[in-house]
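Asker: You'll find start.txt just under this line, and it carries compact mmCIF, C-alpha atoms.
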# COMPACT_ATOMS: atom_id res chain seq x y z
CA MET A 1 -5.76 -17.48 4.00
CA LYS A 2 -7.06 -15.31 6.83
CA LYS A 3 -3.86 -15.71 8.83
CA ASP A 4 -1.64 -15.38 5.77
CA ILE A 5 -1.95 -11.62 5.56
CA LEU A 6 -0.42 -11.25 9.02
CA LYS A 7 2.85 -12.60 7.64
CA HIS A 8 3.05 -10.02 4.86
CA GLU A 9 6.00 -7.65 5.13
CA LEU A 10 3.74 -4.60 4.96
CA VAL A 11 1.66 -5.74 7.93
CA PRO A 12 3.18 -4.98 11.37
CA ASP A 13 2.34 -7.05 14.47
CA HIS A 14 -1.07 -6.30 15.92
CA VAL A 15 -1.88 -7.50 19.45
CA ILE A 16 -5.18 -7.06 21.27
CA LEU A 17 -4.62 -5.51 24.70
CA SER A 18 -6.58 -6.83 27.63
CA LYS A 19 -8.84 -4.37 29.48
CA SER A 20 -6.33 -3.82 32.28
CA GLU A 21 -3.38 -3.44 29.91
CA ALA A 22 -5.35 -0.96 27.83
CA THR A 23 -6.26 1.19 30.84
CA LYS A 24 -2.65 1.07 32.02
CA THR A 25 -1.19 2.23 28.70
CA LEU A 26 -3.81 4.93 28.28
CA LYS A 27 -3.08 6.18 31.77
CA LYS A 28 0.63 6.22 31.06
CA MET A 29 0.03 8.37 27.98
CA ASP A 30 -2.56 10.43 29.86
CA ILE A 31 -5.18 10.26 27.08
CA HIS A 32 -8.70 9.03 26.47
CA PRO A 33 -9.24 6.08 24.11
CA GLU A 34 -11.02 8.42 21.64
CA GLN A 35 -7.77 10.28 21.16
CA LEU A 36 -6.10 7.22 19.67
CA PRO A 37 -5.90 6.68 15.93
CA ARG A 38 -8.54 4.22 14.72
CA ILE A 39 -8.69 0.91 12.96
CA LYS A 40 -11.94 -0.36 11.46
CA SER A 41 -13.51 -3.47 12.95
CA ASP A 42 -13.83 -4.83 9.41
CA ASP A 43 -10.19 -4.14 8.65
CA PRO A 44 -8.64 -7.38 7.30
CA VAL A 45 -6.18 -7.48 10.21
CA SER A 46 -8.88 -6.81 12.86
CA LYS A 47 -10.87 -9.68 11.42
CA ALA A 48 -7.85 -11.98 11.26
CA ILE A 49 -6.98 -11.51 14.93
CA GLY A 50 -10.59 -11.28 16.06
CA ALA A 51 -10.63 -7.75 17.45
CA LYS A 52 -13.99 -6.34 18.59
CA GLU A 53 -15.21 -2.77 18.72
CA GLY A 54 -13.71 -0.90 21.66
CA ASP A 55 -10.56 -3.00 21.81
CA VAL A 56 -7.20 -1.29 21.86
CA LEU A 57 -4.61 -2.82 19.54
CA GLU A 58 -0.92 -2.57 20.22
CA ILE A 59 0.92 -2.24 16.93
CA THR A 60 4.66 -2.84 16.77
CA ARG A 61 5.94 -1.25 13.60
CA LYS A 62 9.31 -1.70 12.01
CA SER A 63 10.64 1.80 11.66
CA SER A 64 13.54 2.95 9.55
CA THR A 65 14.36 5.67 12.08
CA ALA A 66 13.70 4.04 15.45
CA GLY A 67 14.14 0.36 14.66
CA LYS A 68 11.00 -0.62 16.49
CA PHE A 69 8.08 1.61 17.29
CA VAL A 70 5.04 0.78 19.39
CA THR A 71 1.76 2.54 18.74
CA TYR A 72 -1.91 1.96 19.49
CA ARG A 73 -5.16 2.01 17.58
CA LEU A 74 -8.74 1.89 18.81
CA VAL A 75 -11.05 -0.55 17.03
CA GLN A 76 -14.22 1.10 15.83
CA ASP A 77 -17.05 0.27 13.43
CA MET B 1 26.55 -6.02 24.72
CA ILE B 2 23.06 -4.87 23.79
CA GLU B 3 21.70 -6.07 27.15
CA LYS B 4 24.43 -4.20 28.97
CA VAL B 5 23.70 -0.96 27.11
CA THR B 6 19.98 -1.43 27.72
CA LYS B 7 20.71 -1.73 31.45
CA VAL B 8 22.86 1.41 31.52
CA VAL B 9 20.27 3.32 29.50
CA LYS B 10 17.61 2.26 31.98
CA LYS B 11 19.78 3.33 34.89
CA LYS B 12 20.27 6.75 33.35
CA ARG B 13 16.50 6.95 32.86
CA ALA B 14 16.78 7.60 29.15
CA LYS B 15 14.16 6.39 26.71
CA PHE B 16 16.15 5.42 23.66
CA THR B 17 14.89 3.78 20.53
CA GLU B 18 15.98 0.29 19.61
CA SER B 19 18.22 1.44 16.77
CA LEU B 20 19.96 3.98 19.01
CA ILE B 21 20.75 1.30 21.58
CA HIS B 22 22.17 -0.89 18.84
CA GLU B 23 24.35 1.94 17.62
CA ILE B 24 25.70 2.63 21.11
CA ALA B 25 26.40 -1.06 21.60
CA GLN B 26 28.31 -1.15 18.33
CA ALA B 27 30.34 1.93 19.21
CA ALA B 28 31.11 0.56 22.66
CA GLN B 29 32.36 -2.67 21.13
CA ARG B 30 34.42 -0.92 18.48
CA HIS B 31 36.20 1.34 20.94
CA ASP B 32 36.33 -1.27 23.68
CA LEU B 33 34.74 0.97 26.30
CA ASP B 34 34.82 0.12 29.99
CA ASP B 35 31.82 0.61 32.28
CA ASP B 36 32.61 4.20 33.28
CA GLU B 37 33.17 5.22 29.70
CA LEU B 38 29.91 3.58 28.66
CA ASP B 39 28.12 5.48 31.42
CA GLU B 40 29.58 8.74 30.18
CA LEU B 41 28.68 7.90 26.58
CA VAL B 42 25.08 7.15 27.46
CA LYS B 43 24.90 10.36 29.50
CA ARG B 44 26.13 12.44 26.60
CA VAL B 45 23.98 10.67 24.04
CA LYS B 46 21.00 11.28 26.29
CA LYS B 47 21.77 14.99 26.36
CA ALA B 48 22.14 15.18 22.60
CA TYR B 49 19.02 13.05 22.12
CA GLU B 50 16.89 15.26 24.34
CA ARG B 51 18.12 18.32 22.49
CA ALA B 52 17.35 16.80 19.10
CA LYS B 53 13.82 15.84 20.02
CA ILE B 54 10.95 17.88 18.60
CA GLU B 55 9.55 20.19 21.25
CA ALA B 56 5.90 20.30 22.14
CA GLY B 57 4.15 22.99 20.13
CA GLU B 58 6.46 22.75 17.14
CA ALA B 59 4.64 23.14 13.81
CA VAL B 60 5.63 19.73 12.45
CA GLY B 61 2.88 19.68 9.83
CA THR B 62 4.02 22.93 8.26
CA VAL B 63 7.63 21.78 8.27
CA ALA B 64 6.62 18.47 6.65
CA ALA B 65 4.59 20.28 3.98
CA GLN B 66 7.52 22.54 3.13
CA SER B 67 10.04 19.71 3.20
CA VAL B 68 8.04 17.61 0.76
CA GLY B 69 6.90 20.60 -1.28
CA GLU B 70 10.28 22.15 -2.02
CA PRO B 71 11.84 19.06 -3.68
CA GLY B 72 8.50 18.63 -5.43
CA THR B 73 9.18 21.83 -7.38
CA GLN B 74 12.31 20.23 -8.79
CA MET B 75 10.55 17.13 -10.00
CA THR B 76 10.09 16.48 -13.64
CA MET B 77 6.55 17.32 -14.58
CA ARG B 78 5.87 14.24 -16.61
CA THR B 79 8.06 11.20 -16.45
CA PHE B 80 7.57 7.62 -17.36
CA HIS B 81 9.84 5.03 -16.00
CA TYR B 82 10.45 1.82 -17.79
CA ALA B 83 10.79 -0.97 -15.28
CA GLY B 84 13.72 -2.91 -16.67
CA VAL B 85 13.90 -3.69 -20.34
CA ALA B 86 11.51 -1.07 -21.71
CA GLU B 87 8.39 -3.11 -21.18
CA LEU B 88 6.16 -1.83 -18.42
CA ASN B 89 5.73 1.86 -17.95
CA VAL B 90 4.94 3.18 -14.53
CA THR B 91 3.89 6.72 -13.60
CA LEU B 92 6.56 8.38 -11.50
CA GLY B 93 7.64 11.86 -10.59
CA LEU B 94 5.24 14.60 -9.62
CA PRO B 95 2.09 13.00 -11.08
CA ARG B 96 2.71 9.88 -8.99
CA LEU B 97 3.35 11.89 -5.82
CA ILE B 98 0.09 13.77 -6.35
CA GLU B 99 -1.68 10.46 -6.91
CA ILE B 100 -0.41 9.11 -3.58
CA VAL B 101 -1.26 12.21 -1.56
CA ASP B 102 -4.70 12.52 -3.19
CA ALA B 103 -5.39 8.86 -2.35
CA ARG B 104 -6.82 8.27 -5.83
CA LYS B 105 -9.13 5.30 -6.15
CA LYS B 106 -8.02 4.61 -9.70
CA ILE B 107 -4.32 5.12 -10.19
CA SER B 108 -3.03 5.59 -13.71
CA THR B 109 -0.56 2.69 -13.83
CA PRO B 110 -1.28 -0.02 -11.27
CA THR B 111 1.41 -2.67 -11.23
CA MET B 112 2.38 -5.66 -9.13
CA ALA B 113 5.64 -7.37 -8.29
CA ILE B 114 4.97 -11.05 -7.71
CA PHE B 115 7.57 -13.11 -5.90
CA PHE B 116 7.63 -16.86 -5.29
CA GLU B 117 8.15 -19.13 -2.34
CA ASP B 118 11.58 -20.71 -1.78
CA GLU B 119 10.95 -23.95 -3.63
CA TYR B 120 9.65 -22.26 -6.79
CA ARG B 121 11.98 -19.26 -6.81
CA ASN B 122 14.29 -20.75 -9.42
CA ASP B 123 11.75 -22.96 -11.14
CA GLU B 124 11.32 -21.20 -14.47
CA GLU B 125 8.73 -23.70 -15.69
CA PHE B 126 6.51 -23.12 -12.65
CA VAL B 127 6.86 -19.35 -12.85
CA ARG B 128 5.91 -19.35 -16.52
CA THR B 129 2.84 -21.46 -15.77
CA ILE B 130 1.73 -19.02 -13.10
CA ALA B 131 2.53 -16.05 -15.33
CA ASN B 132 0.21 -17.42 -17.98
CA GLN B 133 -2.51 -18.02 -15.44
CA ILE B 134 -2.21 -14.43 -14.26
CA GLY B 135 -1.63 -12.69 -17.58
CA LYS B 136 -4.49 -12.15 -19.94
CA SER B 137 -4.58 -14.23 -23.11
CA THR B 138 -7.26 -14.36 -25.75
CA MET B 139 -8.22 -16.87 -28.42
CA ASN B 140 -6.24 -14.81 -30.87
CA ASP B 141 -3.02 -15.80 -29.10
CA ILE B 142 -3.47 -19.52 -29.68
CA LEU B 143 -4.91 -19.67 -33.19
CA GLN B 144 -3.32 -21.67 -35.94
CA ASP B 145 -5.80 -20.79 -38.62
CA PHE B 146 -8.90 -18.65 -38.59
CA HIS B 147 -11.35 -17.92 -41.35
CA ILE B 148 -14.94 -16.96 -41.98
CA ASN B 149 -16.77 -19.37 -44.23
CA TYR B 150 -19.43 -17.32 -45.96
CA ALA B 151 -20.74 -20.28 -47.95
CA GLU B 152 -21.51 -22.43 -44.94
CA ASN B 153 -22.27 -19.48 -42.71
CA ASN B 154 -19.82 -20.28 -39.95
CA VAL B 155 -16.51 -19.26 -38.41
CA VAL B 156 -13.77 -21.85 -38.34
CA ALA B 157 -10.94 -21.64 -35.86
CA GLU B 158 -8.07 -24.07 -35.65
CA LEU B 159 -6.18 -24.07 -32.37
CA ASN B 160 -2.43 -24.35 -32.32
CA MET B 161 -1.53 -27.02 -29.78
CA GLU B 162 2.07 -25.87 -29.68
CA LYS B 163 1.09 -22.35 -28.72
CA ILE B 164 -1.21 -23.73 -26.02
CA ALA B 165 1.64 -25.83 -24.66
CA ASP B 166 3.99 -22.88 -24.86
CA LYS B 167 1.56 -20.80 -22.82
CA ARG B 168 1.12 -23.68 -20.35
CA LEU B 169 -2.63 -23.62 -20.76
CA ASN B 170 -4.97 -26.54 -20.31
CA PHE B 171 -6.79 -27.57 -23.48
CA ASP B 172 -9.90 -28.77 -21.61
CA ASP B 173 -10.15 -25.47 -19.72
CA ILE B 174 -10.11 -23.60 -23.01
CA ILE B 175 -12.83 -25.82 -24.45
CA ASN B 176 -14.90 -25.27 -21.31
CA ARG B 177 -14.57 -21.52 -21.61
CA VAL B 178 -15.48 -21.65 -25.30
CA GLU B 179 -18.56 -23.76 -24.64
CA LYS B 180 -19.63 -21.42 -21.88
CA ALA B 181 -19.27 -18.33 -24.04
CA PHE B 182 -20.78 -19.64 -27.28
CA LYS B 183 -23.94 -21.69 -27.60
CA LYS B 184 -23.62 -22.90 -31.18
CA VAL B 185 -20.20 -24.41 -31.40
CA GLN B 186 -18.97 -27.69 -32.82
CA ILE B 187 -15.75 -29.07 -31.49
CA ASP B 188 -13.72 -31.60 -33.39
CA ASN B 189 -10.41 -31.95 -31.57
CA ASN B 190 -8.63 -28.65 -32.20
CA LEU B 191 -11.01 -27.57 -34.93
CA LEU B 192 -13.80 -25.31 -33.68
CA SER B 193 -16.65 -24.06 -35.84
CA PHE B 194 -18.99 -21.40 -34.58
CA GLU B 195 -22.40 -20.55 -35.97
CA PRO B 196 -24.05 -17.15 -35.59
CA ALA B 197 -27.41 -16.77 -33.88
CA LYS B 198 -28.93 -15.17 -36.96
CA SER B 199 -27.67 -15.84 -40.43
CA SER B 200 -26.44 -12.59 -41.86
CA ILE B 201 -23.02 -11.49 -42.98
CA ARG B 202 -22.98 -8.77 -40.33
CA GLU B 203 -23.69 -11.25 -37.54
CA LEU B 204 -21.04 -13.55 -38.89
CA ARG B 205 -18.38 -10.89 -38.83
CA LEU B 206 -19.33 -9.76 -35.34
CA LEU B 207 -19.10 -13.35 -34.20
CA ALA B 208 -15.64 -13.69 -35.69
CA ASP B 209 -14.43 -10.72 -33.63
CA LYS B 210 -16.04 -12.12 -30.51
CA VAL B 211 -14.35 -15.47 -30.98
CA ARG B 212 -10.96 -13.90 -31.45
CA ASP B 213 -11.32 -11.67 -28.36
CA LEU B 214 -12.55 -14.40 -26.03
CA GLN B 215 -10.42 -14.35 -22.90
CA ILE B 216 -9.15 -17.83 -22.15
CA SER B 217 -6.99 -17.15 -19.12
CA GLY B 218 -5.99 -14.42 -16.72
CA VAL B 219 -6.82 -12.79 -13.42
CA LYS B 220 -9.34 -9.93 -13.35
CA ASN B 221 -7.83 -6.45 -13.76
CA ILE B 222 -4.48 -7.78 -14.85
CA GLY B 223 -3.29 -7.29 -18.40
CA ARG B 224 0.19 -7.98 -19.66
CA VAL B 225 2.83 -9.72 -17.55
CA VAL B 226 6.59 -9.55 -17.76
CA ILE B 227 8.79 -12.30 -16.35
CA ARG B 228 12.24 -11.27 -15.24
CA LYS B 229 15.16 -12.74 -13.39
CA GLU B 230 16.17 -10.43 -10.56
CA GLU B 231 19.11 -11.39 -8.37
CA GLU B 232 18.91 -15.13 -8.81
CA GLU B 233 15.14 -15.44 -8.66
CA TRP B 234 12.21 -15.13 -11.01
CA VAL B 235 9.82 -12.24 -10.51
CA ILE B 236 6.64 -11.41 -12.40
CA HIS B 237 5.73 -7.79 -13.04
CA THR B 238 2.22 -7.05 -14.17
CA GLU B 239 0.30 -4.32 -15.83
CA GLY B 240 -2.80 -3.90 -13.69
CA SER B 241 -3.20 -5.24 -10.20
CA ASN B 242 -5.26 -7.68 -8.16
CA LEU B 243 -3.48 -8.38 -4.89
CA GLY B 244 -6.31 -10.39 -3.31
CA ALA B 245 -6.53 -12.93 -6.11
CA VAL B 246 -2.79 -13.28 -6.62
CA LEU B 247 -2.05 -13.83 -2.92
CA LYS B 248 -4.47 -16.77 -2.97
CA MET B 249 -2.47 -18.53 -5.68
CA GLU B 250 -0.35 -21.55 -4.90
CA GLY B 251 3.41 -20.92 -4.72
CA VAL B 252 3.16 -17.12 -4.63
CA ASP B 253 5.25 -15.52 -1.87
CA LYS B 254 2.70 -14.19 0.61
CA VAL B 255 5.31 -12.05 2.33
CA ARG B 256 6.89 -9.95 -0.39
CA THR B 257 4.35 -9.80 -3.21
CA THR B 258 3.07 -6.24 -3.46
CA THR B 259 1.17 -3.77 -5.58
CA ASN B 260 1.55 -0.01 -5.96
CA ASP B 261 -2.21 0.51 -5.52
CA ILE B 262 -2.61 1.84 -1.98
CA HIS B 263 -6.37 1.31 -1.83
CA GLU B 264 -5.91 -2.30 -2.79
CA VAL B 265 -3.30 -2.75 -0.05
CA GLU B 266 -5.78 -1.25 2.41
CA LYS B 267 -8.55 -3.58 1.26
CA VAL B 268 -6.45 -6.75 1.38
CA LEU B 269 -3.90 -6.10 4.13
CA GLY B 270 -5.42 -3.34 6.28
CA VAL B 271 -4.70 0.30 7.25
CA GLU B 272 -1.34 -0.32 8.84
CA ALA B 273 -0.13 -1.95 5.64
CA ALA B 274 -1.58 0.98 3.69
CA ARG B 275 0.42 3.34 5.89
CA ASN B 276 3.58 1.43 5.07
CA ALA B 277 2.66 1.39 1.39
CA ILE B 278 2.20 5.19 1.36
CA ILE B 279 5.60 5.73 2.97
CA HIS B 280 7.24 3.24 0.67
CA GLU B 281 5.68 4.55 -2.53
CA ALA B 282 6.26 8.22 -1.71
CA GLN B 283 9.86 7.60 -0.81
CA ARG B 284 10.48 5.49 -3.87
CA THR B 285 9.07 8.24 -6.07
CA MET B 286 11.34 10.84 -4.48
CA ASP B 287 14.40 8.58 -4.59
CA GLU B 288 13.89 7.77 -8.21
CA GLN B 289 14.14 11.48 -9.01
CA GLY B 290 17.31 11.76 -6.96
CA LEU B 291 15.63 13.78 -4.23
CA THR B 292 15.96 13.01 -0.56
CA VAL B 293 13.30 13.89 1.96
CA ASP B 294 13.59 12.78 5.55
CA VAL B 295 11.25 9.80 6.07
CA ARG B 296 9.82 11.40 9.18
CA HIS B 297 8.03 14.00 7.08
CA ILE B 298 6.51 11.31 4.89
CA MET B 299 5.64 9.24 7.97
CA LEU B 300 3.71 12.18 9.38
CA VAL B 301 1.76 12.51 6.14
CA ALA B 302 1.04 8.76 6.13
CA ASP B 303 -0.02 8.86 9.78
CA MET B 304 -2.47 11.68 9.09
CA MET B 305 -3.86 9.92 6.04
CA THR B 306 -4.53 6.68 7.92
CA ALA B 307 -5.45 8.09 11.36
CA ASP B 308 -9.19 7.36 11.17
CA GLY B 309 -8.90 3.76 10.02
CA SER B 310 -9.13 4.23 6.28
CA VAL B 311 -6.99 5.97 3.71
CA LYS B 312 -8.03 9.60 3.43
CA SER B 313 -6.70 12.14 0.96
CA ILE B 314 -5.03 15.37 1.87
CA GLY B 315 -7.07 18.26 0.55
CA ARG B 316 -10.66 19.22 0.01
CA HIS B 317 -12.19 15.77 0.30
CA GLY B 318 -9.95 14.53 3.09
CA ILE B 319 -8.03 16.03 5.95
CA SER B 320 -8.44 19.72 5.14
CA GLY B 321 -12.13 19.26 4.37
CA GLU B 322 -12.82 17.56 7.70
CA LYS B 323 -11.26 20.06 10.04
CA ALA B 324 -13.39 20.91 13.03
CA SER B 325 -13.19 24.66 12.60
CA VAL B 326 -15.49 26.43 10.11
CA LEU B 327 -13.07 29.28 9.61
CA ALA B 328 -10.18 26.91 8.87
CA ARG B 329 -12.24 25.08 6.26
CA ALA B 330 -13.59 28.27 4.73
CA SER B 331 -10.10 29.71 4.35
CA PHE B 332 -8.93 26.66 2.41
CA GLU B 333 -11.35 26.00 -0.45
CA GLU B 334 -15.05 26.42 -1.19
CA THR B 335 -15.39 29.34 1.21
CA GLY B 336 -19.04 30.10 0.44
CA LYS B 337 -20.18 26.52 0.83
CA HIS B 338 -18.64 26.12 4.27
CA LEU B 339 -19.85 29.44 5.64
CA LEU B 340 -23.38 28.85 4.35
CA ARG B 341 -23.57 25.34 5.78
CA ALA B 342 -22.14 26.43 9.10
CA SER B 343 -24.68 29.21 9.41
CA ILE B 344 -27.56 26.88 8.55
CA ARG B 345 -26.46 24.30 11.11
CA GLY B 346 -25.41 26.80 13.72
CA GLU B 347 -21.87 25.46 14.03
CA ILE B 348 -19.65 26.67 16.84
CA ASP B 349 -15.99 27.48 16.31
CA HIS B 350 -13.95 26.80 19.42
CA LEU B 351 -10.96 28.70 18.03
CA THR B 352 -8.45 26.03 18.94
CA GLY B 353 -6.53 25.92 15.66
CA ILE B 354 -3.97 28.19 14.01
CA ILE B 355 -5.96 29.57 11.09
CA GLU B 356 -8.99 30.58 13.14
CA ASN B 357 -6.82 32.56 15.53
CA ILE B 358 -4.97 34.30 12.73
CA ILE B 359 -8.28 35.30 11.17
CA ILE B 360 -9.57 36.89 14.34
CA GLY B 361 -6.18 38.34 15.28
CA GLN B 362 -5.30 36.41 18.41
CA PRO B 363 -1.96 34.82 19.32
CA ILE B 364 -1.76 31.39 17.70
CA PRO B 365 -1.50 28.16 19.70
CA LEU B 366 2.00 27.24 18.52
CA GLY B 367 5.26 27.02 20.39
CA THR B 368 5.14 29.31 23.44
CA GLY B 369 1.62 30.32 22.42
CA SER B 370 0.31 26.83 23.07
CA VAL B 371 0.26 27.23 26.84
CA GLY B 372 -2.54 28.95 28.71
CA VAL B 373 -3.43 29.77 32.27
CA VAL B 374 -5.90 27.68 34.22
CA MET B 375 -7.25 28.79 37.58
CA LYS B 376 -7.14 26.34 40.42
CA GLN B 377 -10.59 25.22 41.45
CA LYS B 378 -11.43 25.40 45.12
Have the structure of the file written as structure tokens, please.

Answerer:
Amino acid sequence: MKKDILKHELVPDHVILSKSEATKTLKKMDIHPEQLPRIKSDDPVSKAIGAKEGDVLEITRKSSTAGKFVTYRLVQD
Amino acid sequence: MIEKVTKVVKKKRAKFTESLIHEIAQAAQRHDLDDDELDELVKRVKKAYERAKIEAGEAVGTVAAQSVGEPGTQMTMRTFHYAGVAELNVTLGLPRLIEIVDARKKISTPTMAIFFEDEYRNDEEFVRTIANQIGKSTMNDILQDFHINYAENNVVAELNMEKIADKRLNFDDIINRVEKAFKKVQIDNNLLSFEPAKSSIRELRLLADKVRDLQISGVKNIGRVVIRKEEEEWVIHTEGSNLGAVLKMEGVDKVRTTTNDIHEVEKVLGVEAARNAIIHEAQRTMDEQGLTVDVRHIMLVADMMTADGSVKSIGRHGISGEKASVLARASFEETGKHLLRASIRGEIDHLTGIIENIIIGQPIPLGTGSVGVVMKQK
């Protein structure tokens, strides 16, 4: 059941970035992690993929304008 | 072809979106372009793309507000839409749009569309069984005969086995529910007789109503269900919504089954799904009224509403009420409250927003006004 929600059409792909990947992407965007939009650590998706507080999630959305759009969210309590 | 275009785009140092690359690839194929022509095409598309991009400092929020607001004035004030054959009514039009933007906890007409997995999609029998498990039914729906016996001081109910079979209910389950709900009950096959706790006519009549209203099946928060055949498959539409419980049911499509309750989507599927639900619902509401708003405006609204990890309303209790600047909050609503609180707490206004700077008469940080001068530190 936990994993089932990840298949739902409303839920885009969430991937936990490793520490080095996270620093790299943040540096590329020239921002601090606090400037990212948030996702709660008790969000159903955070729980399903096992994200911890402080992790940066890479979210690949299906977009009707761009086709594919990559964005990031910071996990927080 | 797509790989080739991707390579050319990379060479020209353009950052194109996936759909744009696909479009270029299609055009190149259609017109049978050679490498030089493709280069030229990408170069020109890049130029047009850069020009079309929103510039830094553009007031996108204001543009979005106006772009959603103007068609909003043309919406019918109060409309009810009948989904299909005049059975379920769903709030649409302006009231629905307000509901979405206000992020109401209790929406006026929650409804679900339940789809089924491949193997059950055309299995009418299975769909009807599920529909009866989801939809609410009471004792009253399966009675053959029902009467109050004043002489013997009891209520006699005779169950109609045909109706039970028609509703695909399990007889034993019903008996279990009855036994759980009523202490003094005698069961003789499909003949049930109930006795009141105290013997008085009033008690007896109250008991009769209770027996008739006993819920024997259904998922919490869901009322009536409508089964319909849509494009070669069976779909259940419900009045009321409970996404969590329905998604756990066997045979239900866990990919497409949805609800129009955004808070429920957030609870079951997370913020990102809620963001998609907001966009989808808002756009559907506009489309239904024959109005077209560019999705990007709605996307911006949805992004703002979900930026802090939960669905927040636009307005006093949400985005506008949480602005950092005291002056910006005070100029929106509840002026006295904000000024008083700010003075008690000793809040500082950094004057970084638009409203604050208009109030004190400075140039606003928008467009060319958003750049400043910084001295080089030695």

Asker: For chain A, which of B:Gln133, B:Asn149, B:Gln186, B:Thr17 is the closest residue, counting only C-alpha atoms?

Answerer: B:Thr17

Asker: For chain A, which residues have at least one atom within 10 Å of chain B, if we go by all atoms listed in the file? Write them as a PDB file with C-alpha atoms, in the frame of the given file, please.

Answerer:
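Done, and the output landed in out.pdb:
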ATOM      1  CA  MET A   1      -5.760 -17.480   4.000  1.00  0.00           C
ATOM      2  CA  ASP A   4      -1.640 -15.380   5.770  1.00  0.00           C
ATOM      3  CA  ILE A   5      -1.950 -11.620   5.560  1.00  0.00           C
ATOM      4  CA  LEU A   6      -0.420 -11.250   9.020  1.00  0.00           C
ATOM      5  CA  LYS A   7       2.850 -12.600   7.640  1.00  0.00           C
ATOM      6  CA  HIS A   8       3.050 -10.020   4.860  1.00  0.00           C
ATOM      7  CA  GLU A   9       6.000  -7.650   5.130  1.00  0.00           C
ATOM      8  CA  LEU A  10       3.740  -4.600   4.960  1.00  0.00           C
ATOM      9  CA  VAL A  11       1.660  -5.740   7.930  1.00  0.00           C
ATOM     10  CA  PRO A  12       3.180  -4.980  11.370  1.00  0.00           C
ATOM     11  CA  ASP A  13       2.340  -7.050  14.470  1.00  0.00           C
ATOM     12  CA  HIS A  14      -1.070  -6.300  15.920  1.00  0.00           C
ATOM     13  CA  LEU A  36      -6.100   7.220  19.670  1.00  0.00           C
ATOM     14  CA  PRO A  37      -5.900   6.680  15.930  1.00  0.00           C
ATOM     15  CA  ARG A  38      -8.540   4.220  14.720  1.00  0.00           C
ATOM     16  CA  ILE A  39      -8.690   0.910  12.960  1.00  0.00           C
ATOM     17  CA  LYS A  40     -11.940  -0.360  11.460  1.00  0.00           C
ATOM     18  CA  SER A  41     -13.510  -3.470  12.950  1.00  0.00           C
ATOM     19  CA  ASP A  42     -13.830  -4.830   9.410  1.00  0.00           C
ATOM     20  CA  ASP A  43     -10.190  -4.140   8.650  1.00  0.00           C
ATOM     21  CA  PRO A  44      -8.640  -7.380   7.300  1.00  0.00           C
ATOM     22  CA  VAL A  45      -6.180  -7.480  10.210  1.00  0.00           C
ATOM     23  CA  SER A  46      -8.880  -6.810  12.860  1.00  0.00           C
ATOM     24  CA  LYS A  47     -10.870  -9.680  11.420  1.00  0.00           C
ATOM     25  CA  ILE A  59       0.920  -2.240  16.930  1.00  0.00           C
ATOM     26  CA  ARG A  61       5.940  -1.250  13.600  1.00  0.00           C
ATOM     27  CA  LYS A  62       9.310  -1.700  12.010  1.00  0.00           C
ATOM     28  CA  SER A  63      10.640   1.800  11.660  1.00  0.00           C
ATOM     29  CA  SER A  64      13.540   2.950   9.550  1.00  0.00           C
ATOM     30  CA  THR A  65      14.360   5.670  12.080  1.00  0.00           C
ATOM     31  CA  ALA A  66      13.700   4.040  15.450  1.00  0.00           C
ATOM     32  CA  GLY A  67      14.140   0.360  14.660  1.00  0.00           C
ATOM     33  CA  LYS A  68      11.000  -0.620  16.490  1.00  0.00           C
ATOM     34  CA  PHE A  69       8.080   1.610  17.290  1.00  0.00           C
ATOM     35  CA  ARG A  73      -5.160   2.010  17.580  1.00  0.00           C
ATOM     36  CA  LEU A  74      -8.740   1.890  18.810  1.00  0.00           C
ATOM     37  CA  VAL A  75     -11.050  -0.550  17.030  1.00  0.00           C
ATOM     38  CA  GLN A  76     -14.220   1.100  15.830  1.00  0.00           C
ATOM     39  CA  ASP A  77     -17.050   0.270  13.430  1.00  0.00           C
TER      40      ASP A  77
END

Asker: Have a look at CA of Thr109 in chain B and CA of Thr91 in chain B and let me know their distance in Å, one decimal.

Answerer: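 Interatomic distance, CA of Thr109 in chain B to CA of Thr91 in chain B: 6.0 Å.
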
Asker: With only C-alpha atoms as the basis for distance, which of B:Gln283, B:Thr292, B:Thr335, B:Asn189 is at the shortest distance from Ile100 in chain B?

Answerer: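 The shortest atom-to-atom distance to Ile100 in chain B comes from B:Gln283.
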
Asker: What gap, in Å, lies between CA of Leu191 in chain B and CA of Ala151 in chain B?

Answerer: 17.8 Å

Asker: Just the number, please: distance in Å from CA of Phe126 in chain B to CA of Pro110 in chain B, one decimal.

Answerer: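 Separation between CA of Phe126 in chain B and CA of Pro110 in chain B: 24.4 Å.
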
Asker: Skip Glu99 in chain B itself and residues of its chain fewer than 4 positions away, then list as a tab-separated table (two decimals) with C-alpha atoms, keeping the file's coordinate frame all residues within 12 Å of it, counting only C-alpha atoms.

Answerer:
chain	number	residue	atom	x	y	z
B	91	THR	CA	3.89	6.72	-13.60
B	92	LEU	CA	6.56	8.38	-11.50
B	93	GLY	CA	7.64	11.86	-10.59
B	94	LEU	CA	5.24	14.60	-9.62
B	95	PRO	CA	2.09	13.00	-11.08
B	103	ALA	CA	-5.39	8.86	-2.35
B	104	ARG	CA	-6.82	8.27	-5.83
B	105	LYS	CA	-9.13	5.30	-6.15
B	106	LYS	CA	-8.02	4.61	-9.70
B	107	ILE	CA	-4.32	5.12	-10.19
B	108	SER	CA	-3.03	5.59	-13.71
B	109	THR	CA	-0.56	2.69	-13.83
B	110	PRO	CA	-1.28	-0.02	-11.27
B	260	ASN	CA	1.55	-0.01	-5.96
B	261	ASP	CA	-2.21	0.51	-5.52
B	262	ILE	CA	-2.61	1.84	-1.98
B	263	HIS	CA	-6.37	1.31	-1.83
B	278	ILE	CA	2.20	5.19	1.36
B	281	GLU	CA	5.68	4.55	-2.53
B	282	ALA	CA	6.26	8.22	-1.71
B	285	THR	CA	9.07	8.24	-6.07
B	313	SER	CA	-6.70	12.14	0.96
B	314	ILE	CA	-5.03	15.37	1.87
